[in-house]
file input_12.cif (mmCIF, N, CA and C atoms)
data_start
#
loop_
_atom_site.label_atom_id
_atom_site.label_comp_id
_atom_site.auth_asym_id
_atom_site.auth_seq_id
_atom_site.Cartn_x
_atom_site.Cartn_y
_atom_site.Cartn_z
N MET A 1 72.01 -43.44 8.00
CA MET A 1 72.73 -43.56 6.75
C MET A 1 71.74 -43.38 5.61
N VAL A 2 72.02 -42.47 4.75
CA VAL A 2 71.16 -42.18 3.61
C VAL A 2 71.74 -42.87 2.37
N ILE A 3 70.87 -43.54 1.65
CA ILE A 3 71.29 -44.23 0.43
C ILE A 3 70.69 -43.51 -0.76
N SER A 4 71.53 -43.21 -1.73
CA SER A 4 71.06 -42.51 -2.92
C SER A 4 70.30 -43.47 -3.84
N GLU A 5 69.57 -42.91 -4.76
CA GLU A 5 68.84 -43.71 -5.74
C GLU A 5 69.80 -44.57 -6.56
N GLU A 6 70.97 -44.01 -6.92
CA GLU A 6 71.94 -44.77 -7.71
C GLU A 6 72.48 -45.96 -6.93
N GLU A 7 72.79 -45.73 -5.64
CA GLU A 7 73.29 -46.83 -4.81
C GLU A 7 72.24 -47.92 -4.65
N PHE A 8 70.99 -47.52 -4.47
CA PHE A 8 69.90 -48.48 -4.33
C PHE A 8 69.76 -49.30 -5.61
N LYS A 9 69.79 -48.62 -6.75
CA LYS A 9 69.67 -49.30 -8.05
C LYS A 9 70.84 -50.26 -8.27
N ALA A 10 72.05 -49.85 -7.89
CA ALA A 10 73.24 -50.71 -8.03
C ALA A 10 73.10 -51.96 -7.16
N ALA A 11 72.59 -51.78 -5.94
CA ALA A 11 72.40 -52.92 -5.04
C ALA A 11 71.35 -53.88 -5.60
N GLU A 12 70.28 -53.34 -6.14
CA GLU A 12 69.25 -54.16 -6.75
C GLU A 12 69.80 -54.94 -7.94
N ASP A 13 70.61 -54.28 -8.75
CA ASP A 13 71.22 -54.95 -9.91
C ASP A 13 72.13 -56.09 -9.46
N ARG A 14 72.91 -55.87 -8.38
CA ARG A 14 73.78 -56.93 -7.85
C ARG A 14 72.95 -58.12 -7.38
N MET A 15 71.83 -57.85 -6.70
CA MET A 15 70.97 -58.92 -6.21
C MET A 15 70.41 -59.74 -7.38
N HIS A 16 69.94 -59.06 -8.42
CA HIS A 16 69.38 -59.77 -9.57
C HIS A 16 70.44 -60.63 -10.25
N LYS A 17 71.65 -60.12 -10.32
CA LYS A 17 72.75 -60.88 -10.93
C LYS A 17 73.07 -62.13 -10.08
N GLN A 18 73.09 -61.98 -8.77
CA GLN A 18 73.34 -63.11 -7.88
C GLN A 18 72.24 -64.16 -8.02
N ARG A 19 71.00 -63.72 -8.17
CA ARG A 19 69.87 -64.64 -8.27
C ARG A 19 69.92 -65.47 -9.55
N GLU A 20 70.61 -65.00 -10.58
CA GLU A 20 70.69 -65.75 -11.84
C GLU A 20 71.34 -67.11 -11.64
N ALA A 21 72.25 -67.23 -10.70
CA ALA A 21 72.94 -68.50 -10.43
C ALA A 21 72.07 -69.46 -9.65
N GLY A 22 70.97 -68.98 -9.10
CA GLY A 22 70.08 -69.83 -8.31
C GLY A 22 69.81 -69.22 -6.95
N TYR A 23 68.61 -69.43 -6.47
CA TYR A 23 68.23 -68.93 -5.16
C TYR A 23 67.30 -69.93 -4.48
N ALA A 24 67.22 -69.83 -3.17
CA ALA A 24 66.43 -70.77 -2.38
C ALA A 24 64.95 -70.47 -2.49
N ILE A 25 64.17 -71.52 -2.72
CA ILE A 25 62.72 -71.40 -2.66
C ILE A 25 62.15 -72.25 -1.52
N SER A 26 62.99 -73.13 -0.98
CA SER A 26 62.60 -73.93 0.20
C SER A 26 63.86 -74.31 0.96
N ALA A 27 63.69 -74.56 2.23
CA ALA A 27 64.81 -75.02 3.06
C ALA A 27 64.24 -75.81 4.22
N ARG A 28 64.89 -76.92 4.53
CA ARG A 28 64.45 -77.74 5.66
C ARG A 28 65.64 -78.49 6.24
N TYR A 29 65.47 -78.94 7.46
CA TYR A 29 66.49 -79.77 8.10
C TYR A 29 66.02 -81.21 8.05
N ASP A 30 66.83 -82.09 7.46
CA ASP A 30 66.52 -83.52 7.40
C ASP A 30 67.19 -84.20 8.58
N ARG A 31 66.38 -84.59 9.56
CA ARG A 31 66.91 -85.18 10.80
C ARG A 31 67.62 -86.51 10.56
N ARG A 32 67.13 -87.32 9.61
CA ARG A 32 67.75 -88.62 9.37
C ARG A 32 69.17 -88.50 8.85
N SER A 33 69.41 -87.55 7.95
CA SER A 33 70.75 -87.41 7.38
C SER A 33 71.54 -86.27 8.03
N SER A 34 70.92 -85.52 8.94
CA SER A 34 71.55 -84.36 9.60
C SER A 34 72.03 -83.34 8.57
N ARG A 35 71.22 -83.11 7.55
CA ARG A 35 71.58 -82.19 6.47
C ARG A 35 70.56 -81.07 6.33
N ILE A 36 71.05 -79.93 5.88
CA ILE A 36 70.20 -78.83 5.48
C ILE A 36 69.91 -79.05 3.99
N VAL A 37 68.64 -79.16 3.63
CA VAL A 37 68.25 -79.41 2.25
C VAL A 37 67.63 -78.12 1.70
N ILE A 38 68.25 -77.59 0.66
CA ILE A 38 67.82 -76.33 0.07
C ILE A 38 67.26 -76.60 -1.32
N GLY A 39 66.00 -76.25 -1.52
CA GLY A 39 65.38 -76.35 -2.84
C GLY A 39 65.65 -75.07 -3.61
N LEU A 40 66.10 -75.21 -4.83
CA LEU A 40 66.47 -74.05 -5.64
C LEU A 40 65.44 -73.77 -6.73
N ASN A 41 65.40 -72.55 -7.20
CA ASN A 41 64.49 -72.17 -8.28
C ASN A 41 64.80 -72.89 -9.58
N THR A 42 65.96 -73.50 -9.68
CA THR A 42 66.40 -74.21 -10.88
C THR A 42 65.89 -75.65 -10.91
N ASP A 43 65.00 -76.00 -9.99
CA ASP A 43 64.47 -77.35 -9.81
C ASP A 43 65.50 -78.31 -9.23
N GLY A 44 66.63 -77.80 -8.79
CA GLY A 44 67.64 -78.63 -8.15
C GLY A 44 67.54 -78.52 -6.63
N GLN A 45 68.25 -79.40 -5.97
CA GLN A 45 68.36 -79.37 -4.51
C GLN A 45 69.81 -79.51 -4.12
N VAL A 46 70.15 -78.89 -3.00
CA VAL A 46 71.48 -79.02 -2.43
C VAL A 46 71.29 -79.50 -1.00
N ALA A 47 72.02 -80.53 -0.61
CA ALA A 47 71.96 -81.03 0.76
C ALA A 47 73.36 -80.94 1.36
N ILE A 48 73.47 -80.21 2.46
CA ILE A 48 74.77 -79.97 3.08
C ILE A 48 74.69 -80.43 4.53
N PRO A 49 75.67 -81.23 4.99
CA PRO A 49 75.66 -81.62 6.40
C PRO A 49 75.69 -80.38 7.30
N ALA A 50 74.82 -80.33 8.27
CA ALA A 50 74.74 -79.16 9.17
C ALA A 50 76.07 -78.93 9.86
N ARG A 51 76.80 -79.99 10.17
CA ARG A 51 78.09 -79.86 10.88
C ARG A 51 79.14 -79.15 10.03
N LYS A 52 78.90 -79.05 8.72
CA LYS A 52 79.85 -78.39 7.83
C LYS A 52 79.63 -76.89 7.73
N ILE A 53 78.54 -76.38 8.30
CA ILE A 53 78.21 -74.96 8.20
C ILE A 53 78.51 -74.27 9.52
N GLU A 54 79.29 -73.21 9.44
CA GLU A 54 79.68 -72.47 10.64
C GLU A 54 78.45 -72.04 11.43
N GLY A 55 78.48 -72.32 12.72
CA GLY A 55 77.40 -71.93 13.62
C GLY A 55 76.34 -73.00 13.79
N LEU A 56 76.31 -73.98 12.90
CA LEU A 56 75.27 -75.00 12.98
C LEU A 56 75.78 -76.34 13.51
N SER A 57 77.08 -76.50 13.60
CA SER A 57 77.65 -77.80 13.93
C SER A 57 77.24 -78.33 15.31
N GLU A 58 77.04 -77.46 16.28
CA GLU A 58 76.69 -77.89 17.63
C GLU A 58 75.25 -77.58 17.99
N ALA A 59 74.46 -77.12 17.04
CA ALA A 59 73.10 -76.66 17.32
C ALA A 59 72.15 -77.83 17.57
N PRO A 60 71.18 -77.65 18.47
CA PRO A 60 70.15 -78.68 18.69
C PRO A 60 69.28 -78.86 17.45
N MET A 61 68.77 -80.07 17.26
CA MET A 61 67.97 -80.38 16.07
C MET A 61 66.74 -79.48 15.95
N ASP A 62 66.06 -79.20 17.05
CA ASP A 62 64.87 -78.35 16.98
C ASP A 62 65.21 -76.96 16.45
N ASP A 63 66.36 -76.43 16.86
CA ASP A 63 66.78 -75.11 16.38
C ASP A 63 67.17 -75.15 14.91
N LEU A 64 67.75 -76.27 14.46
CA LEU A 64 68.14 -76.40 13.05
C LEU A 64 66.92 -76.47 12.14
N ALA A 65 65.82 -76.98 12.66
CA ALA A 65 64.61 -77.14 11.85
C ALA A 65 63.88 -75.82 11.60
N ASP A 66 64.18 -74.80 12.39
CA ASP A 66 63.51 -73.50 12.25
C ASP A 66 64.34 -72.62 11.32
N ILE A 67 64.03 -72.69 10.00
CA ILE A 67 64.80 -71.96 8.98
C ILE A 67 63.88 -70.98 8.26
N GLU A 68 64.37 -69.77 8.06
CA GLU A 68 63.65 -68.76 7.29
C GLU A 68 64.46 -68.44 6.04
N ILE A 69 63.76 -68.16 4.95
CA ILE A 69 64.41 -67.77 3.70
C ILE A 69 64.19 -66.28 3.52
N SER A 70 65.25 -65.56 3.15
CA SER A 70 65.11 -64.11 2.91
C SER A 70 64.20 -63.87 1.71
N PRO A 71 63.58 -62.70 1.62
CA PRO A 71 62.70 -62.42 0.48
C PRO A 71 63.37 -62.59 -0.88
N SER A 72 64.66 -62.32 -0.97
CA SER A 72 65.37 -62.47 -2.25
C SER A 72 65.72 -63.93 -2.54
N GLY A 73 65.66 -64.79 -1.51
CA GLY A 73 66.05 -66.19 -1.67
C GLY A 73 67.55 -66.39 -1.60
N LEU A 74 68.29 -65.32 -1.32
CA LEU A 74 69.75 -65.42 -1.27
C LEU A 74 70.28 -65.68 0.13
N GLY A 75 69.41 -65.67 1.12
CA GLY A 75 69.86 -65.87 2.49
C GLY A 75 68.99 -66.86 3.24
N LEU A 76 69.61 -67.59 4.14
CA LEU A 76 68.90 -68.46 5.08
C LEU A 76 69.17 -67.92 6.48
N HIS A 77 68.16 -67.99 7.33
CA HIS A 77 68.29 -67.46 8.68
C HIS A 77 67.72 -68.46 9.67
N TRP A 78 68.47 -68.70 10.75
CA TRP A 78 68.02 -69.53 11.86
C TRP A 78 67.76 -68.59 13.03
N PRO A 79 66.49 -68.19 13.26
CA PRO A 79 66.19 -67.18 14.27
C PRO A 79 66.58 -67.58 15.70
N ARG A 80 66.41 -68.82 16.05
CA ARG A 80 66.75 -69.26 17.41
C ARG A 80 68.25 -69.23 17.66
N LEU A 81 69.03 -69.36 16.59
CA LEU A 81 70.49 -69.39 16.69
C LEU A 81 71.13 -68.06 16.32
N ASP A 82 70.35 -67.17 15.72
CA ASP A 82 70.84 -65.89 15.19
C ASP A 82 72.00 -66.12 14.22
N ILE A 83 71.79 -67.07 13.30
CA ILE A 83 72.78 -67.43 12.29
C ILE A 83 72.20 -67.11 10.91
N ASP A 84 73.00 -66.46 10.07
CA ASP A 84 72.62 -66.17 8.70
C ASP A 84 73.64 -66.79 7.76
N VAL A 85 73.16 -67.36 6.67
CA VAL A 85 74.03 -67.99 5.69
C VAL A 85 73.64 -67.47 4.31
N TYR A 86 74.64 -67.16 3.51
CA TYR A 86 74.44 -66.63 2.17
C TYR A 86 74.38 -67.79 1.18
N VAL A 87 73.26 -67.98 0.52
CA VAL A 87 73.04 -69.12 -0.37
C VAL A 87 74.07 -69.20 -1.50
N PRO A 88 74.40 -68.09 -2.20
CA PRO A 88 75.43 -68.20 -3.25
C PRO A 88 76.77 -68.75 -2.73
N SER A 89 77.12 -68.41 -1.49
CA SER A 89 78.37 -68.96 -0.92
C SER A 89 78.25 -70.46 -0.73
N LEU A 90 77.10 -70.93 -0.25
CA LEU A 90 76.90 -72.37 -0.08
C LEU A 90 77.03 -73.09 -1.42
N LEU A 91 76.47 -72.48 -2.46
CA LEU A 91 76.54 -73.10 -3.79
C LEU A 91 77.97 -73.14 -4.31
N GLN A 92 78.83 -72.26 -3.80
CA GLN A 92 80.24 -72.25 -4.19
C GLN A 92 81.10 -73.10 -3.26
N GLY A 93 80.49 -73.72 -2.25
CA GLY A 93 81.24 -74.56 -1.32
C GLY A 93 81.89 -73.79 -0.18
N ILE A 94 81.42 -72.58 0.08
CA ILE A 94 81.95 -71.77 1.17
C ILE A 94 80.94 -71.86 2.31
N PHE A 95 81.30 -72.56 3.38
CA PHE A 95 80.36 -72.85 4.45
C PHE A 95 80.57 -72.02 5.71
N GLY A 96 81.47 -71.05 5.67
CA GLY A 96 81.72 -70.20 6.84
C GLY A 96 82.77 -69.16 6.53
N SER A 97 83.21 -68.46 7.58
CA SER A 97 84.23 -67.43 7.43
C SER A 97 85.57 -68.06 7.03
N LYS A 98 86.48 -67.24 6.53
CA LYS A 98 87.80 -67.75 6.14
C LYS A 98 88.50 -68.43 7.31
N ARG A 99 88.42 -67.82 8.47
CA ARG A 99 89.08 -68.36 9.67
C ARG A 99 88.49 -69.73 10.03
N TRP A 100 87.16 -69.82 10.01
CA TRP A 100 86.49 -71.08 10.36
C TRP A 100 86.81 -72.16 9.33
N MET A 101 86.77 -71.80 8.04
CA MET A 101 87.07 -72.76 6.98
C MET A 101 88.52 -73.25 7.10
N ALA A 102 89.45 -72.36 7.40
CA ALA A 102 90.86 -72.75 7.56
C ALA A 102 91.02 -73.73 8.71
N ALA A 103 90.31 -73.49 9.80
CA ALA A 103 90.38 -74.41 10.94
C ALA A 103 89.85 -75.79 10.57
N GLN A 104 88.77 -75.83 9.78
CA GLN A 104 88.21 -77.11 9.34
C GLN A 104 89.19 -77.85 8.43
N LEU A 105 89.82 -77.12 7.51
CA LEU A 105 90.79 -77.73 6.61
C LEU A 105 92.01 -78.23 7.37
N GLY A 106 92.47 -77.44 8.34
CA GLY A 106 93.63 -77.85 9.15
C GLY A 106 93.34 -79.10 9.95
N SER A 107 92.14 -79.18 10.49
CA SER A 107 91.73 -80.36 11.26
C SER A 107 91.70 -81.59 10.37
N ALA A 108 91.14 -81.43 9.16
CA ALA A 108 91.06 -82.55 8.23
C ALA A 108 92.45 -82.97 7.77
N GLY A 109 93.32 -81.99 7.54
CA GLY A 109 94.68 -82.29 7.09
C GLY A 109 95.46 -83.08 8.12
N GLY A 110 95.25 -82.77 9.38
CA GLY A 110 95.94 -83.49 10.45
C GLY A 110 95.50 -84.93 10.57
N LYS A 111 94.33 -85.25 10.06
CA LYS A 111 93.80 -86.61 10.13
C LYS A 111 94.13 -87.42 8.89
N ALA A 112 94.78 -86.77 7.91
CA ALA A 112 95.07 -87.44 6.65
C ALA A 112 96.00 -88.63 6.87
N LYS A 113 95.74 -89.69 6.12
CA LYS A 113 96.59 -90.88 6.20
C LYS A 113 97.13 -91.15 4.80
N SER A 114 98.42 -91.36 4.74
CA SER A 114 99.04 -91.71 3.47
C SER A 114 100.27 -92.55 3.77
N PRO A 115 100.72 -93.32 2.81
CA PRO A 115 101.95 -94.11 3.02
C PRO A 115 103.14 -93.22 3.39
N ALA A 116 103.24 -92.04 2.77
CA ALA A 116 104.36 -91.14 3.05
C ALA A 116 104.29 -90.64 4.49
N LYS A 117 103.08 -90.29 4.97
CA LYS A 117 102.93 -89.81 6.33
C LYS A 117 103.24 -90.92 7.33
N ALA A 118 102.79 -92.14 7.05
CA ALA A 118 103.06 -93.27 7.94
C ALA A 118 104.57 -93.55 8.00
N ALA A 119 105.25 -93.49 6.85
CA ALA A 119 106.70 -93.74 6.83
C ALA A 119 107.44 -92.66 7.61
N ALA A 120 107.02 -91.41 7.48
CA ALA A 120 107.65 -90.32 8.22
C ALA A 120 107.44 -90.48 9.72
N ALA A 121 106.26 -90.92 10.12
CA ALA A 121 105.98 -91.14 11.55
C ALA A 121 106.84 -92.27 12.10
N ARG A 122 107.00 -93.35 11.33
CA ARG A 122 107.86 -94.46 11.78
C ARG A 122 109.31 -94.01 11.91
N GLU A 123 109.80 -93.26 10.94
CA GLU A 123 111.17 -92.75 10.98
C GLU A 123 111.38 -91.83 12.18
N ASN A 124 110.40 -90.97 12.43
CA ASN A 124 110.48 -90.08 13.59
C ASN A 124 110.48 -90.89 14.88
N GLY A 125 109.70 -91.97 14.92
CA GLY A 125 109.67 -92.83 16.10
C GLY A 125 111.01 -93.50 16.37
N ARG A 126 111.70 -93.90 15.32
CA ARG A 126 113.02 -94.51 15.47
C ARG A 126 114.03 -93.54 16.06
N LYS A 127 113.80 -92.25 15.81
CA LYS A 127 114.70 -91.22 16.32
C LYS A 127 114.33 -90.78 17.74
N GLY A 128 113.30 -91.39 18.30
CA GLY A 128 112.90 -91.03 19.65
C GLY A 128 111.64 -90.21 19.72
N GLY A 129 110.99 -89.99 18.61
CA GLY A 129 109.72 -89.26 18.61
C GLY A 129 109.93 -87.76 18.60
N ARG A 130 108.87 -87.06 18.90
CA ARG A 130 108.94 -85.60 18.91
C ARG A 130 109.80 -85.13 20.06
N PRO A 131 110.52 -84.04 19.85
CA PRO A 131 111.31 -83.49 20.97
C PRO A 131 110.38 -82.98 22.05
N HIS A 132 110.82 -83.10 23.30
CA HIS A 132 110.02 -82.61 24.43
C HIS A 132 110.05 -81.09 24.45
N LYS A 133 108.93 -80.50 24.84
CA LYS A 133 108.86 -79.05 24.96
C LYS A 133 109.67 -78.61 26.16
N VAL A 134 110.39 -77.52 25.99
CA VAL A 134 111.18 -76.96 27.07
C VAL A 134 110.46 -75.73 27.59
N ALA A 135 110.26 -75.68 28.90
CA ALA A 135 109.58 -74.54 29.50
C ALA A 135 110.44 -73.29 29.40
N ALA A 136 109.82 -72.18 29.00
CA ALA A 136 110.54 -70.91 28.91
C ALA A 136 110.64 -70.28 30.29
N ASN A 137 111.77 -69.68 30.59
CA ASN A 137 111.95 -69.04 31.89
C ASN A 137 111.36 -67.68 31.93
#
call {"tool": "encode", "arguments": {"input": "input_12.cif", "output": "structure tokens"}}
result
Amino acid sequence: MVISEEEFKAAEDRMHKQREAGYAISARYDRRSSRIVIGLNTDGQVAIPARKIEGLSEAPMDDLADIEISPSGLGLHWPRLDIDVYVPSLLQGIFGSKRWMAAQLGSAGGKAKSPAKAAAARENGRKGGRPHKVAAN
């Protein structure tokens, strides 16, 4: 694939624009809190639970500790896991693909507790609970 000078310049411009919002200058895994701690060029830090990032939730601690930062500072890479994460997405609260994020939200929603949900469950119980599944022929 051949890239023209204009395409290269446009890609460079996009990278510089992304870096304005902040980029990683350090990254480490904090074993005590089970968090990925990212030091930013803005003198700030972001700490995200490893279990919240797609691909890292089941990873061994030793593999989580081996983090590389891309030359632009916009990417983090775990070589032992072959996982790449885009730093601007993390800063926006996007910790994985749309499908993975939807699954996480659905799981959390199913665990939600509220007075309305409890009342609906009690009412459903009075009616005999959930209907039994019928096997299809």
call {"tool": "atom_distance", "arguments": {"input": "input_12.cif", "atom1": "atom N of His16 in chain A", "atom2": "CA of Ile83 in chain A"}}
result
22.5 Å
call {"tool": "residues_around", "arguments": {"input": "input_12.cif", "residues": "range 41-57 of chain A", "least_positions_apart": "4", "cutoff": "6 Å", "atoms": "only N, CA and C atoms", "output": "mmCIF file with N, CA and C atoms, in the coordinates of the input"}}
result
data_model
loop_
_atom_site.group_PDB
_atom_site.id
_atom_site.type_symbol
_atom_site.label_atom_id
_atom_site.label_comp_id
_atom_site.auth_asym_id
_atom_site.auth_seq_id
_atom_site.Cartn_x
_atom_site.Cartn_y
_atom_site.Cartn_z
ATOM 1 N N GLY A 22 70.970 -68.980 -9.100
ATOM 2 C CA GLY A 22 70.080 -69.830 -8.310
ATOM 3 C C GLY A 22 69.810 -69.220 -6.950
ATOM 4 N N TYR A 23 68.610 -69.430 -6.470
ATOM 5 C CA TYR A 23 68.230 -68.930 -5.160
ATOM 6 C C TYR A 23 67.300 -69.930 -4.480
ATOM 7 N N ALA A 24 67.220 -69.830 -3.170
ATOM 8 C CA ALA A 24 66.430 -70.770 -2.380
ATOM 9 C C ALA A 24 64.950 -70.470 -2.490
ATOM 10 N N ILE A 25 64.170 -71.520 -2.720
ATOM 11 C CA ILE A 25 62.720 -71.400 -2.660
ATOM 12 C C ILE A 25 62.150 -72.250 -1.520
ATOM 13 N N SER A 34 70.920 -85.520 8.940
ATOM 14 C CA SER A 34 71.550 -84.360 9.600
ATOM 15 C C SER A 34 72.030 -83.340 8.570
ATOM 16 N N ARG A 35 71.220 -83.110 7.550
ATOM 17 C CA ARG A 35 71.580 -82.190 6.470
ATOM 18 C C ARG A 35 70.560 -81.070 6.330
ATOM 19 N N ILE A 36 71.050 -79.930 5.880
ATOM 20 C CA ILE A 36 70.200 -78.830 5.480
ATOM 21 C C ILE A 36 69.910 -79.050 3.990
ATOM 22 N N VAL A 37 68.640 -79.160 3.630
ATOM 23 C CA VAL A 37 68.250 -79.410 2.250
ATOM 24 C C VAL A 37 67.630 -78.120 1.700
ATOM 25 N N PHE A 95 81.300 -72.560 3.380
ATOM 26 C CA PHE A 95 80.360 -72.850 4.450
ATOM 27 C C PHE A 95 80.570 -72.020 5.710
ATOM 28 N N GLY A 96 81.470 -71.050 5.670
ATOM 29 C CA GLY A 96 81.720 -70.200 6.840
ATOM 30 C C GLY A 96 82.770 -69.160 6.530
#
call {"tool": "axis_aligned_box", "arguments": {"input": "input_12.cif", "around": "range 76-85 of chain A", "padding_each_side": "5 Å", "output": "JSON"}}
result
{"center_x": 70.1, "center_y": -67.7, "center_z": 10.9, "size_x": 17.8, "size_y": 13.6, "size_z": 23.5}
call {"tool": "atom_distance", "arguments": {"input": "input_12.cif", "atom1": "CA of Ala21 in chain A", "atom2": "CA of Leu90 in chain A"}}
result
11.7 Å
call {"tool": "select_by_dssp", "arguments": {"input": "input_12.cif", "residues": "range 17-91 of chain A", "states": "strand (DSSP E)", "output": "PyMOL selection string"}}
result
chain A and resi 24-30+35-40+45-49+68-69+75-78+83-86
call {"tool": "select_by_dssp", "arguments": {"input": "input_12.cif", "residues": "chain A", "states": "helix (DSSP H, G or I)", "output": "ChimeraX atom specification"}}
result
/A:5-20,50-52,61-65,87-91,98-110,115-126
